[in-house]
Every structure is written in C-alpha cells, then in structure tokens.
2 protein chains.
Amino acid sequence: MRTFKLTLEYDGTDFNGWQIQANAERTVQAVLEKALSKIFKKKRVIVIGSGRTDKGVHARGQVAHFRVQTLMQPKELLPALNYNLPYDLAVVKVEGADADFHAQLSAKAKTYSYTIFNRPFQSPLERRTSVFFPRKINLKRLRDEAKLLVGKHDFTSFANVDLSRTCDAVRTIHRLDVKKRGDHIVITIEANGFLYKMVRNIVGTLLGVATGRFPAGSVKRMLKAKDRRAAGMAALPQGLCLEEVKY
Amino acid sequence: MRTFKLTLEYDGTDFNGWQIQANAERTVQAVLEKALSKIFKKKRVIVIGSGRTDKGVHARGQVAHFRVQTLMQPKELLPALNYNLPYDLAVVKVEGADADFHAQLSAKAKTYSYTIFNRPFQSPLERRTSVFFPRKINLKRLRDEAKLLVGKHDFTSFANVDLSRTCDAVRTIHRLDVKKRGDHIVITIEANGFLYKMVRNIVGTLLGVATGRFPAGSVKRMLKAKDRRAAGMAALPQGLCLEEVKY
C-alpha cells in the first residue's frame, strides 16, 4: 500500500461541502473518490480530508490522503487526476507520504482567509469568493478586537456544536490578521485547530464590533461566557477559504 | 434631458458580449437597458458603451452613458439600478455628465488586463477570469517583445476586421506591462484606442514569442506586414478584462 497526500483547490459554490453524503449529493470528497476509483479501477478509494468544509466554502490548500496498491508515481497521478476532475476542483500537488500520515490527525495548524467587499453592492467578478458588506467598518476597532482572540482560549462561544460531551474547545490562534486593499478586507486566521463554524462565527462577531453593534472588548466577555449565544452570528460561507494545512 | 455616466463591473462568462442583439440574447447592454427602462418607466432607454466587449470578456471599469428626462440624482440611481441588475452585473459609479458627453466618442484612452495562470491545469477559483497556460513562459522574452509594441503603430496585423475601407489602424499604445505574482502573469495594456480583438491578438502573439514559437523581435515584422495572417492567434476571451476608460 502506498499513501498519497493531495493538495486541493476548489470553488465551493456548486459543491454541497466536503463530506460525502448518503443521498449522493455533489460533494468534494464524493467527486474526488469517484475520479480515484476510476483511475485505480477500484470500487472505492477512501479519501480522508484535513477537515470538512461547509457548502459554499472554498479551498486553495485543502489537504487529503488516501492509500492504494499501485506503482503509479505522484507526478503521474497529478495530470491523470486533474483530467478526471470537473472545472471547479483541481489537484494542485500530489506527494508520496509516510504510511502513518493522516490528513486530519497529523495536521498541526490550519489557515483560513475570509474576504469582505466593503461596499454597498456585490462584486460581479468576485461574488463567489467574497461577501459584500455595505456598512461602515471601523478598521482600527476590527484590528484591536481581533488581537484579543489571539492565543490559547476556550472557544465554546464561537462553536456551533454541542461540546457538553467532548468538552475540549480549547484552541490556540497563532495569527489573526486584517488587511485592507481598496474595498477589500481580508481576515486571515491561523490556529492549531478549528471548531465547527469557528472562523465564520469569529468573523461575524468581529464585524459586529467593527460596526458598533457590540462594544469594543466584547470578545473577552464572549470567550468567558462559554456559550454560543453570547457571540455574534456566523458570516456567510462564500467569503471563507481554507488556505493552508500545516503538518 | 440629463446625461448620466455609468461605470460598470461585470462577469462576462454568462453574457453574450456587450452589444444588444436582434435575437434577444442576454447581453450587458440589453440587461442594462431593461433595468433603466423599468426605473424610468420608458419603452427604451438607449445606453451607449465605450466600446463592445466580446462574449466571455469581463469589465471592472466599462463606461456607458444615457440621456433621460428625470429629476433623479446620480446617488439615488446607484442603489435603484443595482437593485434591478442581476448578480453578474453591477454599477460601480453613477455620475452626472455634460450634455455632449459620449462614452465612445469622448474616450481618450482605455486599459485592459489579461490574466494568465501559468501552470498545467486550470484554477477552480479563478477559471472565469483567467486562462491557464501550461507551457513554459520566458518572462524576459515576453517583456522585451511587449516593449516593441509600445508607441504609435499601424496595428492592421493585430485586428480581426476588414480595414480596406476604413484604413485607419493606427493606434498608440501608452503602456504594456507584464507582472508576475506566483503562477499569475498579468499583462496590462493601455492605448488611445483598440481595434477589434487587438488585445487578444497581441497577447496570443506575445505568448508565441515567450514560448519560442516565434523568434524574438517578430512583432516588428508583423507590424510591418499589415496583414492579420502575419501575427499569432487570439488568446481566449476569459482572461480579458476592461479595467478603465479615460476621458
């Protein structure tokens, strides 16, 4: 058996998220497994991703692995796989990996970006990969509030998941940058791991502070509350992109 | 009568170009006129663009004008118009203009960009606004050749049009930049005017030189030939974007 590590780019608009589903919805994992099954002439090649992405969420650096009996080399697999993938999913890199490599369990850190178009109407050219946000954003407040989230915290208030069983909502945010270029605001967030909808809940909350809906410093109180209802709403999925997974 | 100047952004993928057509195809001009007719409750509001864009070609700064009897202010028209436009077309700016302003005839210069993804497979996230080009591009050759086109020349060899009647194919290219960032190569070209398919023919030809298909310096010979058959093929439309029109 050989283990292959794939780096993937996809436009999440027309996928029903990453995870394969019983009702044969179009998901990234399903499309990828179908292409691999065809190439390796197997009934199913199971692909494990670094984590799920939701419907509408994109990736420039999603990582996945699979194991298969083959003599095929990574550099041969790259064109073969892209030839069998649709226009909105591409394999950017194929590498051989150690037998114990696991895309999800071996991951050390992940980076997501979230792109906001701060103007009163959507951008036709970037509507799939950004959200428009018409209200005035106070950039200094956005940046100051973002700083308060950096470091090791219990992110229960920012997770759409029942944590009563697992009780491990502690994550470390290494970096939370806010960059502005013209009408674009890009929020980049790197952490050792993310809870379900954590990035979108963080972005929605930060925008609430940046527009004056929540007072400055609110995230401190929200973190302390350990209650999803304490924080702001999730930002829309189309602004989100999984940029990188580190191992 | 008042004259309005519109600055438009559109994703050309699902439009059959700019120009209104007899067979009711979905074109930018048709969609725009329909929205304006609705707003001003008129049978037709004629919109004149700075020039046509082909099927699949995008715009970030197309300019158009129309004249109408109204008390409506430009700042009121912006939201009203965007509300009535589809997801892939937006009005970025509405300005009042002098009575003699004409989007096409008053134009002094135009800037187009052309985006190439220099890797062996398409980018799912940028497939609508770039072309992938798998062959090795010699950047120095590309830049050196581009320089030879700057200035005042007869561009007959780069125009898909019968010039025997008009005989004015002289245009001045003010700027022809080649920028590389990662796998992206963006060619930006500003001129006092463009002939039909001129940018795409120039890009296709420059890529021919940059990949060794044509020897360095070929464009000099091509310009001199004044024959469309002397230059290279047109590059695909989806990489092209009308960035700005100057008045």
# chains A, B, ... in the order shown; residues from 1 in each chain; ligands from 1
>>> select_by_dssp(residues="range 8-211 of chain B", states="strand (DSSP E or B)", output="ChimeraX atom specification")
/B:8-10,48-49,58-68,89-97,109-117,131-132,151-154,170-181,184-191
>>> closest_atom_pairs(of="chain B", to="chain A", cutoff="7 Å", atoms="only C-alpha atoms", output="Markdown table")
| residue | atom | partner | partner_atom | distance |
| --- | --- | --- | --- | --- |
| B:Glu9 | CA | A:Pro124 | CA | 6.5 |
| B:Tyr10 | CA | A:Pro124 | CA | 5.3 |
| B:Asp11 | CA | A:Leu125 | CA | 5.0 |
| B:Tyr87 | CA | A:Pro124 | CA | 6.0 |
| B:Asp88 | CA | A:Pro124 | CA | 4.2 |
| B:Leu89 | CA | A:Pro124 | CA | 5.5 |
| B:Ala90 | CA | A:Pro124 | CA | 6.3 |
| B:Ser123 | CA | A:Ala90 | CA | 6.9 |
| B:Pro124 | CA | A:Asp88 | CA | 4.3 |
| B:Leu125 | CA | A:Asp11 | CA | 5.1 |
>>> write_last_selection(atoms="N, CA and C atoms", output="mmCIF file, in the first residue's frame")
data_model
loop_
_atom_site.group_PDB
_atom_site.id
_atom_site.type_symbol
_atom_site.label_atom_id
_atom_site.label_comp_id
_atom_site.auth_asym_id
_atom_site.auth_seq_id
_atom_site.Cartn_x
_atom_site.Cartn_y
_atom_site.Cartn_z
ATOM 1 N N GLU B 9 -19.178 47.095 -13.658
ATOM 2 C CA GLU B 9 -18.374 45.885 -13.473
ATOM 3 C C GLU B 9 -19.231 44.712 -13.905
ATOM 4 N N TYR B 10 -18.668 43.795 -14.688
ATOM 5 C CA TYR B 10 -19.429 42.583 -14.994
ATOM 6 C C TYR B 10 -18.549 41.361 -15.196
ATOM 7 N N ASP B 11 -19.154 40.236 -14.882
ATOM 8 C CA ASP B 11 -18.555 38.934 -15.143
ATOM 9 C C ASP B 11 -19.100 38.504 -16.497
ATOM 10 N N TYR B 87 -26.904 39.349 -10.579
ATOM 11 C CA TYR B 87 -25.698 39.095 -9.779
ATOM 12 C C TYR B 87 -24.382 39.336 -10.520
ATOM 13 N N ASP B 88 -24.402 39.210 -11.850
ATOM 14 C CA ASP B 88 -23.132 39.300 -12.589
ATOM 15 C C ASP B 88 -22.903 40.647 -13.277
ATOM 16 N N LEU B 89 -23.727 41.630 -12.917
ATOM 17 C CA LEU B 89 -23.567 42.981 -13.471
ATOM 18 C C LEU B 89 -23.852 43.995 -12.371
ATOM 19 N N ALA B 90 -22.934 44.935 -12.171
ATOM 20 C CA ALA B 90 -23.150 45.950 -11.142
ATOM 21 C C ALA B 90 -22.718 47.322 -11.658
ATOM 22 N N SER B 123 -7.354 26.898 -12.696
ATOM 23 C CA SER B 123 -7.631 27.206 -11.299
ATOM 24 C C SER B 123 -9.141 27.207 -11.085
ATOM 25 N N PRO B 124 -9.646 26.304 -10.231
ATOM 26 C CA PRO B 124 -11.090 26.294 -9.968
ATOM 27 C C PRO B 124 -11.598 27.649 -9.488
ATOM 28 N N LEU B 125 -10.821 28.329 -8.667
ATOM 29 C CA LEU B 125 -11.285 29.595 -8.104
ATOM 30 C C LEU B 125 -11.170 30.765 -9.079
#
>>> residues_around(residues="range 170-175 of chain A", least_positions_apart="3", cutoff="6 Å", atoms="only C-alpha atoms", output="list of chain:residue names")
A:Val150, A:Gly151, A:Lys152, A:His153, A:Asp154, A:Ile189, A:Glu190, A:Ala191, A:Asn192
>>> residues_around(residues="Thr27 in chain A", least_positions_apart="2", cutoff="7 Å", atoms="only C-alpha atoms", output="PyMOL selection string")
chain A and resi 15-20+25+29-31
>>> write_last_selection(atoms="N, CA and C atoms", output="CSV table (one decimal), in the first residue's frame")
chain,number,residue,atom,x,y,z
A,15,PHE,N,-20.6,22.9,-4.8
A,15,PHE,CA,-20.5,21.7,-4.0
A,15,PHE,C,-21.3,21.7,-2.8
A,16,ASN,N,-21.8,20.6,-2.3
A,16,ASN,CA,-22.5,20.6,-1.1
A,16,ASN,C,-21.6,20.3,0.1
A,17,GLY,N,-20.5,21.0,0.1
A,17,GLY,CA,-19.5,20.8,1.1
A,17,GLY,C,-18.5,19.7,0.8
A,18,TRP,N,-17.6,19.4,1.7
A,18,TRP,CA,-16.6,18.4,1.6
A,18,TRP,C,-17.1,17.0,1.7
A,19,GLN,N,-17.8,16.8,2.8
A,19,GLN,CA,-18.1,15.4,3.3
A,19,GLN,C,-19.1,14.6,2.4
A,20,ILE,N,-18.7,13.4,2.1
A,20,ILE,CA,-19.6,12.5,1.3
A,20,ILE,C,-20.9,12.3,2.0
A,25,GLU,N,-25.4,13.6,-2.9
A,25,GLU,CA,-25.2,15.0,-3.2
A,25,GLU,C,-23.8,15.2,-3.8
A,29,GLN,N,-15.5,15.4,-1.6
A,29,GLN,CA,-15.0,14.0,-1.3
A,29,GLN,C,-15.6,13.0,-2.3
A,30,ALA,N,-16.8,13.1,-2.6
A,30,ALA,CA,-17.5,12.2,-3.5
A,30,ALA,C,-16.9,12.2,-4.9
A,31,VAL,N,-16.7,13.5,-5.4
A,31,VAL,CA,-16.2,13.7,-6.7
A,31,VAL,C,-14.8,13.2,-6.8
>>> residues_around(residues="range 99-108 of chain B", least_positions_apart="6", cutoff="8 Å", atoms="only C-alpha atoms", output="ChimeraX atom specification")
/B:2-3,5,48-51,63-65,192-193,245-247
>>> write_last_selection(atoms="N, CA and C atoms", output="PDB file, in the first residue's frame")
ATOM      1  N   ARG B   2     -31.187  64.884 -19.119  1.00  0.00           N
ATOM      2  CA  ARG B   2     -29.946  64.828 -18.358  1.00  0.00           C
ATOM      3  C   ARG B   2     -29.100  63.682 -18.875  1.00  0.00           C
ATOM      4  N   THR B   3     -27.785  63.856 -18.775  1.00  0.00           N
ATOM      5  CA  THR B   3     -26.877  62.810 -19.219  1.00  0.00           C
ATOM      6  C   THR B   3     -26.237  62.162 -17.998  1.00  0.00           C
ATOM      7  N   LYS B   5     -23.441  59.232 -16.605  1.00  0.00           N
ATOM      8  CA  LYS B   5     -22.278  58.409 -16.938  1.00  0.00           C
ATOM      9  C   LYS B   5     -22.225  57.253 -15.943  1.00  0.00           C
ATOM     10  N   ILE B  48     -25.226  53.789 -24.405  1.00  0.00           N
ATOM     11  CA  ILE B  48     -24.067  53.721 -25.299  1.00  0.00           C
ATOM     12  C   ILE B  48     -22.835  53.395 -24.463  1.00  0.00           C
ATOM     13  N   GLY B  49     -22.141  52.331 -24.843  1.00  0.00           N
ATOM     14  CA  GLY B  49     -20.933  51.930 -24.131  1.00  0.00           C
ATOM     15  C   GLY B  49     -19.695  52.530 -24.768  1.00  0.00           C
ATOM     16  N   SER B  50     -18.564  52.470 -24.022  1.00  0.00           N
ATOM     17  CA  SER B  50     -17.304  52.999 -24.552  1.00  0.00           C
ATOM     18  C   SER B  50     -16.833  52.156 -25.725  1.00  0.00           C
ATOM     19  N   GLY B  51     -17.358  50.942 -25.814  1.00  0.00           N
ATOM     20  CA  GLY B  51     -16.991  50.016 -26.876  1.00  0.00           C
ATOM     21  C   GLY B  51     -17.583  48.671 -26.529  1.00  0.00           C
ATOM     22  N   VAL B  63     -17.434  51.936 -19.236  1.00  0.00           N
ATOM     23  CA  VAL B  63     -18.188  53.181 -19.055  1.00  0.00           C
ATOM     24  C   VAL B  63     -19.284  53.258 -20.117  1.00  0.00           C
ATOM     25  N   ALA B  64     -20.436  53.754 -19.699  1.00  0.00           N
ATOM     26  CA  ALA B  64     -21.552  53.914 -20.626  1.00  0.00           C
ATOM     27  C   ALA B  64     -22.295  55.197 -20.275  1.00  0.00           C
ATOM     28  N   HIS B  65     -23.070  55.710 -21.222  1.00  0.00           N
ATOM     29  CA  HIS B  65     -23.891  56.880 -20.913  1.00  0.00           C
ATOM     30  C   HIS B  65     -25.302  56.681 -21.466  1.00  0.00           C
ATOM     31  N   ASN B 192      -4.669  54.546 -26.783  1.00  0.00           N
ATOM     32  CA  ASN B 192      -5.672  55.594 -27.057  1.00  0.00           C
ATOM     33  C   ASN B 192      -6.912  55.000 -27.730  1.00  0.00           C
ATOM     34  N   GLY B 193      -6.817  53.741 -28.133  1.00  0.00           N
ATOM     35  CA  GLY B 193      -7.951  53.052 -28.723  1.00  0.00           C
ATOM     36  C   GLY B 193      -7.515  51.660 -29.139  1.00  0.00           C
ATOM     37  N   VAL B 245     -11.610  53.280 -18.544  1.00  0.00           N
ATOM     38  CA  VAL B 245     -11.722  54.147 -19.721  1.00  0.00           C
ATOM     39  C   VAL B 245     -11.450  55.567 -19.249  1.00  0.00           C
ATOM     40  N   LYS B 246     -10.527  56.223 -19.924  1.00  0.00           N
ATOM     41  CA  LYS B 246     -10.198  57.611 -19.546  1.00  0.00           C
ATOM     42  C   LYS B 246     -10.852  58.598 -20.500  1.00  0.00           C
ATOM     43  N   TYR B 247     -11.284  59.745 -19.931  1.00  0.00           N
ATOM     44  CA  TYR B 247     -11.928  60.805 -20.740  1.00  0.00           C
ATOM     45  C   TYR B 247     -11.205  62.129 -20.573  1.00  0.00           C
TER      46      TYR B 247
END
>>> decode(residues="range 169-183 of chain B", atoms="N, CA and C atoms", output="JSON list (two decimals), in the first residue's frame")
[["chain", "number", "residue", "atom", "x", "y", "z"],
["B", 169, "ALA", "N", -5.83, 52.14, -38.98],
["B", 169, "ALA", "CA", -5.50, 51.14, -37.98],
["B", 169, "ALA", "C", -4.36, 51.63, -37.10],
["B", 170, "VAL", "N", -4.10, 52.92, -37.14],
["B", 170, "VAL", "CA", -3.02, 53.49, -36.33],
["B", 170, "VAL", "C", -3.52, 53.77, -34.92],
["B", 171, "ARG", "N", -2.85, 53.17, -33.97],
["B", 171, "ARG", "CA", -3.19, 53.39, -32.57],
["B", 171, "ARG", "C", -1.89, 53.61, -31.80],
["B", 172, "THR", "N", -2.01, 54.23, -30.62],
["B", 172, "THR", "CA", -0.82, 54.44, -29.79],
["B", 172, "THR", "C", -0.95, 53.66, -28.49],
["B", 173, "ILE", "N", -0.05, 52.73, -28.28],
["B", 173, "ILE", "CA", -0.02, 52.00, -27.00],
["B", 173, "ILE", "C", 0.86, 52.80, -26.04],
["B", 174, "HIS", "N", 0.24, 53.26, -24.95],
["B", 174, "HIS", "CA", 0.97, 54.07, -23.97],
["B", 174, "HIS", "C", 1.77, 53.21, -23.01],
["B", 175, "ARG", "N", 1.24, 52.00, -22.76],
["B", 175, "ARG", "CA", 1.82, 51.19, -21.69],
["B", 175, "ARG", "C", 1.52, 49.74, -21.98],
["B", 176, "LEU", "N", 2.52, 48.87, -21.81],
["B", 176, "LEU", "CA", 2.28, 47.43, -21.95],
["B", 176, "LEU", "C", 3.13, 46.73, -20.89],
["B", 177, "ASP", "N", 2.53, 46.52, -19.73],
["B", 177, "ASP", "CA", 3.23, 45.96, -18.57],
["B", 177, "ASP", "C", 3.03, 44.46, -18.47],
["B", 178, "VAL", "N", 4.03, 43.77, -17.98],
["B", 178, "VAL", "CA", 3.90, 42.34, -17.68],
["B", 178, "VAL", "C", 4.29, 42.14, -16.22],
["B", 179, "LYS", "N", 3.32, 41.70, -15.41],
["B", 179, "LYS", "CA", 3.61, 41.50, -13.99],
["B", 179, "LYS", "C", 3.43, 40.03, -13.64],
["B", 180, "LYS", "N", 4.36, 39.49, -12.86],
["B", 180, "LYS", "CA", 4.25, 38.09, -12.43],
["B", 180, "LYS", "C", 4.12, 38.05, -10.91],
["B", 181, "ARG", "N", 3.14, 37.28, -10.44],
["B", 181, "ARG", "CA", 3.00, 37.08, -9.00],
["B", 181, "ARG", "C", 2.61, 35.62, -8.80],
["B", 182, "GLY", "N", 3.55, 34.83, -8.29],
["B", 182, "GLY", "CA", 3.31, 33.40, -8.17],
["B", 182, "GLY", "C", 3.12, 32.81, -9.55],
["B", 183, "ASP", "N", 2.06, 32.03, -9.73],
["B", 183, "ASP", "CA", 1.77, 31.42, -11.03],
["B", 183, "ASP", "C", 1.06, 32.38, -11.99]]
